[in-house]
$ cat data22.cif   # mmCIF, N, CA, C and O atoms
data_run
#
loop_
_atom_site.label_atom_id
_atom_site.label_comp_id
_atom_site.auth_asym_id
_atom_site.auth_seq_id
_atom_site.Cartn_x
_atom_site.Cartn_y
_atom_site.Cartn_z
N MET W 1 60.14 77.58 87.12
CA MET W 1 59.93 77.23 85.73
C MET W 1 61.26 77.30 84.98
O MET W 1 62.05 78.20 85.16
N ALA W 2 61.50 76.33 84.11
CA ALA W 2 62.74 76.27 83.35
C ALA W 2 62.69 77.21 82.15
O ALA W 2 61.66 77.38 81.53
N THR W 3 63.82 77.82 81.87
CA THR W 3 63.94 78.64 80.68
C THR W 3 64.93 77.99 79.74
O THR W 3 65.74 77.17 80.14
N THR W 4 64.89 78.38 78.50
CA THR W 4 65.75 77.79 77.49
C THR W 4 67.03 78.60 77.36
O THR W 4 67.01 79.81 77.32
N SER W 5 68.14 77.90 77.25
CA SER W 5 69.45 78.51 77.07
C SER W 5 69.75 78.69 75.59
O SER W 5 69.13 78.07 74.73
N THR W 6 70.73 79.54 75.29
CA THR W 6 71.19 79.68 73.91
C THR W 6 72.43 78.82 73.66
O THR W 6 72.99 78.86 72.57
N GLN W 7 72.85 78.04 74.66
CA GLN W 7 73.98 77.13 74.49
C GLN W 7 73.71 76.17 73.34
O GLN W 7 72.58 75.70 73.18
N PRO W 8 74.72 75.85 72.54
CA PRO W 8 74.51 74.91 71.43
C PRO W 8 74.14 73.51 71.91
O PRO W 8 74.62 73.06 72.95
N VAL W 9 73.29 72.86 71.16
CA VAL W 9 72.96 71.45 71.38
C VAL W 9 73.40 70.69 70.13
O VAL W 9 73.68 71.30 69.10
N PHE W 10 73.48 69.37 70.24
CA PHE W 10 73.81 68.59 69.04
C PHE W 10 73.22 67.20 69.11
O PHE W 10 72.90 66.69 70.17
N ILE W 11 73.10 66.60 67.93
CA ILE W 11 72.78 65.19 67.80
C ILE W 11 73.77 64.62 66.80
O ILE W 11 74.09 65.26 65.79
N ALA W 12 74.28 63.45 67.09
CA ALA W 12 75.18 62.73 66.17
C ALA W 12 74.50 61.42 65.79
O ALA W 12 74.07 60.67 66.66
N LEU W 13 74.39 61.19 64.49
CA LEU W 13 73.74 59.99 63.96
C LEU W 13 74.71 59.22 63.07
O LEU W 13 75.60 59.81 62.45
N GLN W 14 74.51 57.92 63.00
CA GLN W 14 75.29 57.13 62.06
C GLN W 14 74.97 57.63 60.65
O GLN W 14 73.84 58.01 60.36
N ALA W 15 75.98 57.64 59.80
CA ALA W 15 75.79 58.06 58.41
C ALA W 15 75.41 56.83 57.59
O ALA W 15 76.26 56.02 57.26
N ASN W 16 74.12 56.68 57.31
CA ASN W 16 73.66 55.56 56.51
C ASN W 16 72.35 55.94 55.81
O ASN W 16 71.83 57.03 56.01
N ASN W 17 71.84 55.05 55.00
CA ASN W 17 70.62 55.33 54.23
C ASN W 17 69.41 55.58 55.12
O ASN W 17 68.49 56.32 54.74
N ASP W 18 69.38 54.98 56.32
CA ASP W 18 68.24 55.16 57.22
C ASP W 18 68.19 56.56 57.81
O ASP W 18 67.12 57.07 58.12
N THR W 19 69.35 57.18 57.99
CA THR W 19 69.38 58.49 58.66
C THR W 19 69.29 59.67 57.69
O THR W 19 68.99 60.77 58.13
N MET W 20 69.53 59.47 56.42
CA MET W 20 69.51 60.60 55.48
C MET W 20 68.17 61.36 55.48
O MET W 20 68.16 62.58 55.51
N PRO W 21 67.00 60.67 55.49
CA PRO W 21 65.74 61.42 55.55
C PRO W 21 65.58 62.18 56.87
O PRO W 21 65.01 63.27 56.89
N ILE W 22 66.09 61.63 57.96
CA ILE W 22 66.04 62.31 59.25
C ILE W 22 66.89 63.57 59.20
O ILE W 22 66.46 64.65 59.63
N ILE W 23 68.07 63.47 58.64
CA ILE W 23 68.98 64.62 58.53
C ILE W 23 68.36 65.71 57.66
O ILE W 23 68.42 66.90 57.99
N GLU W 24 67.73 65.33 56.55
CA GLU W 24 67.08 66.32 55.69
C GLU W 24 65.93 67.00 56.41
O GLU W 24 65.72 68.21 56.25
N ALA W 25 65.17 66.25 57.20
CA ALA W 25 64.07 66.85 57.97
C ALA W 25 64.62 67.82 59.01
O ALA W 25 64.04 68.89 59.23
N ILE W 26 65.74 67.48 59.64
CA ILE W 26 66.35 68.38 60.62
C ILE W 26 66.80 69.66 59.94
O ILE W 26 66.57 70.76 60.45
N ARG W 27 67.44 69.54 58.78
CA ARG W 27 67.86 70.73 58.02
C ARG W 27 66.67 71.63 57.70
O ARG W 27 66.73 72.85 57.81
N GLN W 28 65.58 71.02 57.27
CA GLN W 28 64.38 71.75 56.88
C GLN W 28 63.80 72.52 58.07
O GLN W 28 63.41 73.68 57.93
N ASP W 29 63.71 71.88 59.21
CA ASP W 29 63.02 72.46 60.37
C ASP W 29 63.91 73.30 61.28
O ASP W 29 63.41 73.94 62.20
N ASN W 30 65.23 73.27 61.06
CA ASN W 30 66.16 74.00 61.91
C ASN W 30 67.14 74.79 61.03
O ASN W 30 68.27 74.36 60.81
N PRO W 31 66.72 75.94 60.51
CA PRO W 31 67.57 76.68 59.57
C PRO W 31 68.91 77.13 60.16
O PRO W 31 69.85 77.36 59.41
N ASN W 32 69.03 77.21 61.47
CA ASN W 32 70.29 77.60 62.10
C ASN W 32 71.22 76.41 62.37
O ASN W 32 72.32 76.60 62.87
N ALA W 33 70.76 75.22 62.06
CA ALA W 33 71.58 74.02 62.31
C ALA W 33 72.76 73.96 61.35
O ALA W 33 72.65 74.36 60.19
N VAL W 34 73.88 73.46 61.86
CA VAL W 34 75.08 73.27 61.06
C VAL W 34 75.35 71.77 61.00
O VAL W 34 75.50 71.12 62.05
N VAL W 35 75.39 71.23 59.80
CA VAL W 35 75.57 69.79 59.60
C VAL W 35 77.03 69.51 59.24
O VAL W 35 77.57 70.08 58.30
N HIS W 36 77.64 68.62 60.04
CA HIS W 36 79.03 68.20 59.81
C HIS W 36 78.99 66.73 59.38
O HIS W 36 78.53 65.88 60.14
N GLU W 37 79.46 66.46 58.17
CA GLU W 37 79.45 65.10 57.66
C GLU W 37 80.84 64.48 57.79
O GLU W 37 81.83 65.06 57.32
N TYR W 38 80.90 63.32 58.43
CA TYR W 38 82.13 62.56 58.60
C TYR W 38 81.93 61.20 57.94
O TYR W 38 80.81 60.85 57.57
N PRO W 39 82.98 60.39 57.80
CA PRO W 39 82.83 59.11 57.10
C PRO W 39 81.74 58.19 57.67
O PRO W 39 81.01 57.58 56.92
N ALA W 40 81.60 58.09 58.97
CA ALA W 40 80.62 57.17 59.55
C ALA W 40 79.57 57.86 60.40
O ALA W 40 78.73 57.21 61.01
N MET W 41 79.61 59.21 60.44
CA MET W 41 78.74 59.93 61.36
C MET W 41 78.36 61.28 60.77
O MET W 41 79.12 61.89 60.03
N VAL W 42 77.17 61.73 61.13
CA VAL W 42 76.73 63.10 60.82
C VAL W 42 76.41 63.76 62.16
O VAL W 42 75.60 63.24 62.93
N LYS W 43 77.07 64.87 62.43
CA LYS W 43 76.84 65.62 63.67
C LYS W 43 76.16 66.92 63.30
O LYS W 43 76.60 67.64 62.41
N ILE W 44 75.07 67.21 63.99
CA ILE W 44 74.29 68.41 63.70
C ILE W 44 74.28 69.28 64.95
O ILE W 44 73.76 68.89 65.99
N ASP W 45 74.90 70.46 64.84
CA ASP W 45 74.93 71.43 65.91
C ASP W 45 73.86 72.48 65.66
O ASP W 45 73.61 72.86 64.51
N CYS W 46 73.27 72.97 66.75
CA CYS W 46 72.25 74.00 66.60
C CYS W 46 72.26 74.89 67.84
O CYS W 46 72.30 74.38 68.96
N PRO W 47 72.25 76.20 67.66
CA PRO W 47 72.24 77.09 68.82
C PRO W 47 70.88 77.06 69.53
O PRO W 47 69.84 77.22 68.89
N GLY W 48 70.91 76.78 70.81
CA GLY W 48 69.71 76.89 71.63
C GLY W 48 68.76 75.72 71.62
O GLY W 48 68.48 75.13 72.65
N ARG W 49 68.27 75.35 70.44
CA ARG W 49 67.19 74.34 70.37
C ARG W 49 67.21 73.65 69.02
O ARG W 49 67.33 74.30 67.99
N LEU W 50 67.07 72.33 69.05
CA LEU W 50 66.98 71.54 67.82
C LEU W 50 65.72 70.69 67.91
O LEU W 50 65.50 70.03 68.93
N VAL W 51 64.89 70.75 66.87
CA VAL W 51 63.62 70.02 66.86
C VAL W 51 63.61 69.03 65.71
O VAL W 51 63.93 69.39 64.58
N ILE W 52 63.24 67.79 66.02
CA ILE W 52 63.01 66.78 64.98
C ILE W 52 61.52 66.50 65.00
O ILE W 52 60.98 66.03 66.00
N ARG W 53 60.85 66.80 63.91
CA ARG W 53 59.39 66.63 63.81
C ARG W 53 59.05 65.34 63.06
O ARG W 53 59.55 65.13 61.95
N ARG W 54 58.20 64.55 63.66
CA ARG W 54 57.78 63.28 63.05
C ARG W 54 57.22 63.52 61.65
O ARG W 54 57.57 62.83 60.69
N GLU W 55 56.37 64.52 61.51
CA GLU W 55 55.72 64.80 60.22
C GLU W 55 56.76 65.12 59.14
O GLU W 55 56.64 64.66 58.00
N SER W 56 57.78 65.89 59.49
CA SER W 56 58.83 66.24 58.52
C SER W 56 59.63 65.01 58.11
O SER W 56 59.95 64.84 56.93
N VAL W 57 59.96 64.16 59.08
CA VAL W 57 60.70 62.94 58.75
C VAL W 57 59.86 62.06 57.83
O VAL W 57 60.37 61.52 56.85
N GLU W 58 58.56 61.94 58.12
CA GLU W 58 57.69 61.13 57.29
C GLU W 58 57.64 61.65 55.85
O GLU W 58 57.62 60.85 54.91
N GLU W 59 57.64 62.97 55.68
CA GLU W 59 57.64 63.55 54.33
C GLU W 59 58.88 63.12 53.55
O GLU W 59 58.80 62.78 52.37
N HIS W 60 60.03 63.14 54.20
CA HIS W 60 61.29 62.78 53.54
C HIS W 60 61.45 61.27 53.39
O HIS W 60 62.09 60.81 52.45
N LEU W 61 60.88 60.53 54.32
CA LEU W 61 61.03 59.08 54.33
C LEU W 61 60.00 58.39 53.44
O LEU W 61 60.28 57.32 52.87
N GLY W 62 58.81 58.98 53.33
CA GLY W 62 57.76 58.37 52.51
C GLY W 62 57.01 57.25 53.19
O GLY W 62 56.40 56.42 52.54
N ARG W 63 57.05 57.24 54.52
CA ARG W 63 56.31 56.24 55.30
C ARG W 63 56.07 56.78 56.70
O ARG W 63 56.65 57.78 57.10
N ASP W 64 55.23 56.07 57.47
CA ASP W 64 55.03 56.43 58.86
C ASP W 64 56.35 56.27 59.61
O ASP W 64 57.17 55.40 59.28
N PHE W 65 56.56 57.13 60.61
CA PHE W 65 57.81 57.11 61.36
C PHE W 65 57.52 57.31 62.84
O PHE W 65 56.80 58.24 63.21
N ASP W 66 58.05 56.44 63.67
CA ASP W 66 57.98 56.57 65.12
C ASP W 66 59.27 57.24 65.56
O ASP W 66 60.36 56.73 65.27
N LEU W 67 59.19 58.38 66.24
CA LEU W 67 60.40 59.12 66.62
C LEU W 67 61.37 58.29 67.46
O LEU W 67 62.56 58.57 67.47
N ARG W 68 60.88 57.26 68.12
CA ARG W 68 61.79 56.39 68.89
C ARG W 68 62.78 55.66 67.98
O ARG W 68 63.83 55.21 68.44
N GLU W 69 62.48 55.58 66.68
CA GLU W 69 63.40 54.94 65.73
C GLU W 69 64.72 55.69 65.63
O GLU W 69 65.72 55.13 65.20
N ILE W 70 64.74 56.96 66.00
CA ILE W 70 65.97 57.74 65.98
C ILE W 70 67.04 57.08 66.83
O ILE W 70 68.22 57.08 66.49
N GLN W 71 66.62 56.48 67.93
CA GLN W 71 67.58 55.90 68.87
C GLN W 71 68.38 54.74 68.27
O GLN W 71 69.48 54.46 68.73
N ILE W 72 67.87 54.11 67.23
CA ILE W 72 68.58 53.00 66.59
C ILE W 72 69.91 53.48 66.00
O ILE W 72 70.91 52.78 66.08
N ASN W 73 69.92 54.67 65.41
CA ASN W 73 71.10 55.19 64.73
C ASN W 73 71.76 56.36 65.46
O ASN W 73 72.67 56.98 64.92
N MET W 74 71.31 56.65 66.67
CA MET W 74 71.87 57.77 67.43
C MET W 74 73.19 57.35 68.08
O MET W 74 73.28 56.29 68.68
N ILE W 75 74.20 58.21 67.91
CA ILE W 75 75.49 57.98 68.53
C ILE W 75 75.60 58.76 69.83
O ILE W 75 76.01 58.23 70.86
N SER W 76 75.21 60.03 69.78
CA SER W 76 75.35 60.89 70.95
C SER W 76 74.45 62.11 70.82
O SER W 76 74.06 62.48 69.71
N ILE W 77 74.15 62.73 71.96
CA ILE W 77 73.40 63.98 71.97
C ILE W 77 73.98 64.88 73.06
O ILE W 77 74.63 64.41 73.98
N ALA W 78 73.72 66.17 72.92
CA ALA W 78 74.03 67.13 73.97
C ALA W 78 72.82 68.03 74.12
O ALA W 78 72.39 68.66 73.15
N GLY W 79 72.25 68.06 75.30
CA GLY W 79 71.07 68.86 75.58
C GLY W 79 70.06 68.03 76.34
O GLY W 79 70.16 66.80 76.39
N ASN W 80 69.11 68.70 76.94
CA ASN W 80 68.01 68.02 77.61
C ASN W 80 67.01 67.59 76.55
O ASN W 80 66.72 68.33 75.63
N VAL W 81 66.48 66.38 76.71
CA VAL W 81 65.53 65.83 75.74
C VAL W 81 64.11 66.04 76.22
O VAL W 81 63.78 65.77 77.38
N ASP W 82 63.28 66.52 75.34
CA ASP W 82 61.83 66.60 75.56
C ASP W 82 61.21 65.88 74.38
O ASP W 82 61.32 66.34 73.24
N GLU W 83 60.56 64.76 74.65
CA GLU W 83 60.10 63.89 73.56
C GLU W 83 58.60 63.65 73.67
O GLU W 83 58.08 63.39 74.75
N SER W 84 57.93 63.75 72.54
CA SER W 84 56.51 63.39 72.45
C SER W 84 56.34 62.50 71.21
O SER W 84 57.32 62.18 70.54
N ASP W 85 55.12 62.16 70.89
CA ASP W 85 54.86 61.37 69.69
C ASP W 85 55.17 62.16 68.43
O ASP W 85 55.42 61.58 67.38
N ASP W 86 55.13 63.49 68.53
CA ASP W 86 55.29 64.35 67.35
C ASP W 86 56.62 65.08 67.24
O ASP W 86 57.00 65.50 66.15
N GLU W 87 57.33 65.26 68.36
CA GLU W 87 58.59 66.01 68.34
C GLU W 87 59.63 65.42 69.28
O GLU W 87 59.29 64.95 70.37
N PHE W 88 60.87 65.48 68.83
CA PHE W 88 62.04 65.15 69.64
C PHE W 88 62.83 66.45 69.73
O PHE W 88 63.32 66.94 68.71
N VAL W 89 62.90 67.05 70.93
CA VAL W 89 63.50 68.36 71.11
C VAL W 89 64.73 68.26 71.99
O VAL W 89 64.70 67.64 73.05
N LEU W 90 65.82 68.90 71.54
CA LEU W 90 67.04 69.03 72.35
C LEU W 90 67.20 70.50 72.69
O LEU W 90 67.18 71.36 71.81
N GLU W 91 67.36 70.81 73.97
CA GLU W 91 67.65 72.15 74.43
C GLU W 91 68.18 72.07 75.85
O GLU W 91 67.93 71.11 76.56
N TRP W 92 68.97 73.05 76.24
CA TRP W 92 69.44 73.14 77.61
C TRP W 92 68.43 73.95 78.39
O TRP W 92 68.06 75.04 77.98
N LYS W 93 67.98 73.42 79.50
CA LYS W 93 67.02 74.15 80.34
C LYS W 93 67.73 74.60 81.60
O LYS W 93 68.48 73.84 82.21
N THR W 94 67.50 75.84 81.98
CA THR W 94 68.06 76.38 83.19
C THR W 94 66.92 76.65 84.17
O THR W 94 65.78 76.87 83.76
N HIS W 95 67.24 76.63 85.43
CA HIS W 95 66.19 76.84 86.45
C HIS W 95 66.39 78.14 87.17
O HIS W 95 67.41 78.65 87.31
#
$ encode --input "data22.cif" --output "structure tokens"
Amino acid sequence: MATTSTQPVFIALQANNDTMPIIEAIRQDNPNAVVHEYPAMVKIDCPGRLVIRRESVEEHLGRDFDLREIQINMISIAGNVDESDDEFVLEWKTH
């Protein structure tokens, strides 16, 4: 069975109007996340685990949201991905 590491994970998204609600939802749901804003990119580091919840993004966006839409503006990630209809999770798993 895999266990979760405390190694930092990250997601980097294009900095544009489409990603701002996603970034706000990430901030809301991941209080340990550190957001780095650059001219064309926003990189979000988080120790151990970062969760993007569909419901939280929808609250900030004001419409239905398919988590696969994240991939349109995603630049890079670090961590193992566990994805469902409701959550996009980044974490390092050890065996």
$ closest_residue --input "data22.cif" --among "W:Asp18, W:Glu55, W:Asp85, W:Asp29" --to "Asn73 (chain W)" --atoms "all atoms listed in the file"
W:Asp18
$ select_by_dssp --input "data22.cif" --residues "chain W" --states "alpha helix (DSSP H)" --output "ChimeraX atom specification"
/W:20-29,54-61,70-73
$ write_last_selection --input "data22.cif" --atoms "N, CA, C and O atoms" --output "PDB file, in the coordinates of the input"
ATOM      1  N   MET W  20      69.530  59.470  56.420  1.00  0.00           N
ATOM      2  CA  MET W  20      69.510  60.600  55.480  1.00  0.00           C
ATOM      3  C   MET W  20      68.170  61.360  55.480  1.00  0.00           C
ATOM      4  O   MET W  20      68.160  62.580  55.510  1.00  0.00           O
ATOM      5  N   PRO W  21      67.000  60.670  55.490  1.00  0.00           N
ATOM      6  CA  PRO W  21      65.740  61.420  55.550  1.00  0.00           C
ATOM      7  C   PRO W  21      65.580  62.180  56.870  1.00  0.00           C
ATOM      8  O   PRO W  21      65.010  63.270  56.890  1.00  0.00           O
ATOM      9  N   ILE W  22      66.090  61.630  57.960  1.00  0.00           N
ATOM     10  CA  ILE W  22      66.040  62.310  59.250  1.00  0.00           C
ATOM     11  C   ILE W  22      66.890  63.570  59.200  1.00  0.00           C
ATOM     12  O   ILE W  22      66.460  64.650  59.630  1.00  0.00           O
ATOM     13  N   ILE W  23      68.070  63.470  58.640  1.00  0.00           N
ATOM     14  CA  ILE W  23      68.980  64.620  58.530  1.00  0.00           C
ATOM     15  C   ILE W  23      68.360  65.710  57.660  1.00  0.00           C
ATOM     16  O   ILE W  23      68.420  66.900  57.990  1.00  0.00           O
ATOM     17  N   GLU W  24      67.730  65.330  56.550  1.00  0.00           N
ATOM     18  CA  GLU W  24      67.080  66.320  55.690  1.00  0.00           C
ATOM     19  C   GLU W  24      65.930  67.000  56.410  1.00  0.00           C
ATOM     20  O   GLU W  24      65.720  68.210  56.250  1.00  0.00           O
ATOM     21  N   ALA W  25      65.170  66.250  57.200  1.00  0.00           N
ATOM     22  CA  ALA W  25      64.070  66.850  57.970  1.00  0.00           C
ATOM     23  C   ALA W  25      64.620  67.820  59.010  1.00  0.00           C
ATOM     24  O   ALA W  25      64.040  68.890  59.230  1.00  0.00           O
ATOM     25  N   ILE W  26      65.740  67.480  59.640  1.00  0.00           N
ATOM     26  CA  ILE W  26      66.350  68.380  60.620  1.00  0.00           C
ATOM     27  C   ILE W  26      66.800  69.660  59.940  1.00  0.00           C
ATOM     28  O   ILE W  26      66.570  70.760  60.450  1.00  0.00           O
ATOM     29  N   ARG W  27      67.440  69.540  58.780  1.00  0.00           N
ATOM     30  CA  ARG W  27      67.860  70.730  58.020  1.00  0.00           C
ATOM     31  C   ARG W  27      66.670  71.630  57.700  1.00  0.00           C
ATOM     32  O   ARG W  27      66.730  72.850  57.810  1.00  0.00           O
ATOM     33  N   GLN W  28      65.580  71.020  57.270  1.00  0.00           N
ATOM     34  CA  GLN W  28      64.380  71.750  56.880  1.00  0.00           C
ATOM     35  C   GLN W  28      63.800  72.520  58.070  1.00  0.00           C
ATOM     36  O   GLN W  28      63.410  73.680  57.930  1.00  0.00           O
ATOM     37  N   ASP W  29      63.710  71.880  59.210  1.00  0.00           N
ATOM     38  CA  ASP W  29      63.020  72.460  60.370  1.00  0.00           C
ATOM     39  C   ASP W  29      63.910  73.300  61.280  1.00  0.00           C
ATOM     40  O   ASP W  29      63.410  73.940  62.200  1.00  0.00           O
ATOM     41  N   ARG W  54      58.200  64.550  63.660  1.00  0.00           N
ATOM     42  CA  ARG W  54      57.780  63.280  63.050  1.00  0.00           C
ATOM     43  C   ARG W  54      57.220  63.520  61.650  1.00  0.00           C
ATOM     44  O   ARG W  54      57.570  62.830  60.690  1.00  0.00           O
ATOM     45  N   GLU W  55      56.370  64.520  61.510  1.00  0.00           N
ATOM     46  CA  GLU W  55      55.720  64.800  60.220  1.00  0.00           C
ATOM     47  C   GLU W  55      56.760  65.120  59.140  1.00  0.00           C
ATOM     48  O   GLU W  55      56.640  64.660  58.000  1.00  0.00           O
ATOM     49  N   SER W  56      57.780  65.890  59.490  1.00  0.00           N
ATOM     50  CA  SER W  56      58.830  66.240  58.520  1.00  0.00           C
ATOM     51  C   SER W  56      59.630  65.010  58.110  1.00  0.00           C
ATOM     52  O   SER W  56      59.950  64.840  56.930  1.00  0.00           O
ATOM     53  N   VAL W  57      59.960  64.160  59.080  1.00  0.00           N
ATOM     54  CA  VAL W  57      60.700  62.940  58.750  1.00  0.00           C
ATOM     55  C   VAL W  57      59.860  62.060  57.830  1.00  0.00           C
ATOM     56  O   VAL W  57      60.370  61.520  56.850  1.00  0.00           O
ATOM     57  N   GLU W  58      58.560  61.940  58.120  1.00  0.00           N
ATOM     58  CA  GLU W  58      57.690  61.130  57.290  1.00  0.00           C
ATOM     59  C   GLU W  58      57.640  61.650  55.850  1.00  0.00           C
ATOM     60  O   GLU W  58      57.620  60.850  54.910  1.00  0.00           O
ATOM     61  N   GLU W  59      57.640  62.970  55.680  1.00  0.00           N
ATOM     62  CA  GLU W  59      57.640  63.550  54.330  1.00  0.00           C
ATOM     63  C   GLU W  59      58.880  63.120  53.550  1.00  0.00           C
ATOM     64  O   GLU W  59      58.800  62.780  52.370  1.00  0.00           O
ATOM     65  N   HIS W  60      60.030  63.140  54.200  1.00  0.00           N
ATOM     66  CA  HIS W  60      61.290  62.780  53.540  1.00  0.00           C
ATOM     67  C   HIS W  60      61.450  61.270  53.390  1.00  0.00           C
ATOM     68  O   HIS W  60      62.090  60.810  52.450  1.00  0.00           O
ATOM     69  N   LEU W  61      60.880  60.530  54.320  1.00  0.00           N
ATOM     70  CA  LEU W  61      61.030  59.080  54.330  1.00  0.00           C
ATOM     71  C   LEU W  61      60.000  58.390  53.440  1.00  0.00           C
ATOM     72  O   LEU W  61      60.280  57.320  52.870  1.00  0.00           O
ATOM     73  N   ILE W  70      64.740  56.960  66.000  1.00  0.00           N
ATOM     74  CA  ILE W  70      65.970  57.740  65.980  1.00  0.00           C
ATOM     75  C   ILE W  70      67.040  57.080  66.830  1.00  0.00           C
ATOM     76  O   ILE W  70      68.220  57.080  66.490  1.00  0.00           O
ATOM     77  N   GLN W  71      66.620  56.480  67.930  1.00  0.00           N
ATOM     78  CA  GLN W  71      67.580  55.900  68.870  1.00  0.00           C
ATOM     79  C   GLN W  71      68.380  54.740  68.270  1.00  0.00           C
ATOM     80  O   GLN W  71      69.480  54.460  68.730  1.00  0.00           O
ATOM     81  N   ILE W  72      67.870  54.110  67.230  1.00  0.00           N
ATOM     82  CA  ILE W  72      68.580  53.000  66.590  1.00  0.00           C
ATOM     83  C   ILE W  72      69.910  53.480  66.000  1.00  0.00           C
ATOM     84  O   ILE W  72      70.910  52.780  66.080  1.00  0.00           O
ATOM     85  N   ASN W  73      69.920  54.670  65.410  1.00  0.00           N
ATOM     86  CA  ASN W  73      71.100  55.190  64.730  1.00  0.00           C
ATOM     87  C   ASN W  73      71.760  56.360  65.460  1.00  0.00           C
ATOM     88  O   ASN W  73      72.670  56.980  64.920  1.00  0.00           O
TER      89      ASN W  73
END
$ resolve_selection --input "data22.cif" --expression "the PyMOL selection byres (((chain W and resi 51 and name CA) around 12) and name CA)" --output "JSON, numbers by chain"
{"W": [9, 10, 11, 22, 23, 25, 26, 27, 28, 29, 30, 31, 32, 33, 44, 45, 46, 47, 48, 49, 50, 52, 53, 54, 55, 56, 57, 67, 79, 80, 81, 82, 83, 84, 86, 87, 88, 89, 90, 91]}
$ atom_distance --input "data22.cif" --atom1 "atom O of Gln14 (chain W)" --atom2 "atom O of Asp64 (chain W)"
16.9 Å
$ closest_residue --input "data22.cif" --among "W:Arg68, W:Ala40, W:Leu61, W:Ile75" --to "Met20 (chain W)" --atoms "only N, CA, C and O atoms"
W:Leu61
$ select_by_dssp --input "data22.cif" --residues "chain W" --states "strand (DSSP E or B)" --output "count of residues only"
41
$ atom_distance --input "data22.cif" --atom1 "CA of Glu69 (chain W)" --atom2 "CA of Gln7 (chain W)"
26.1 Å
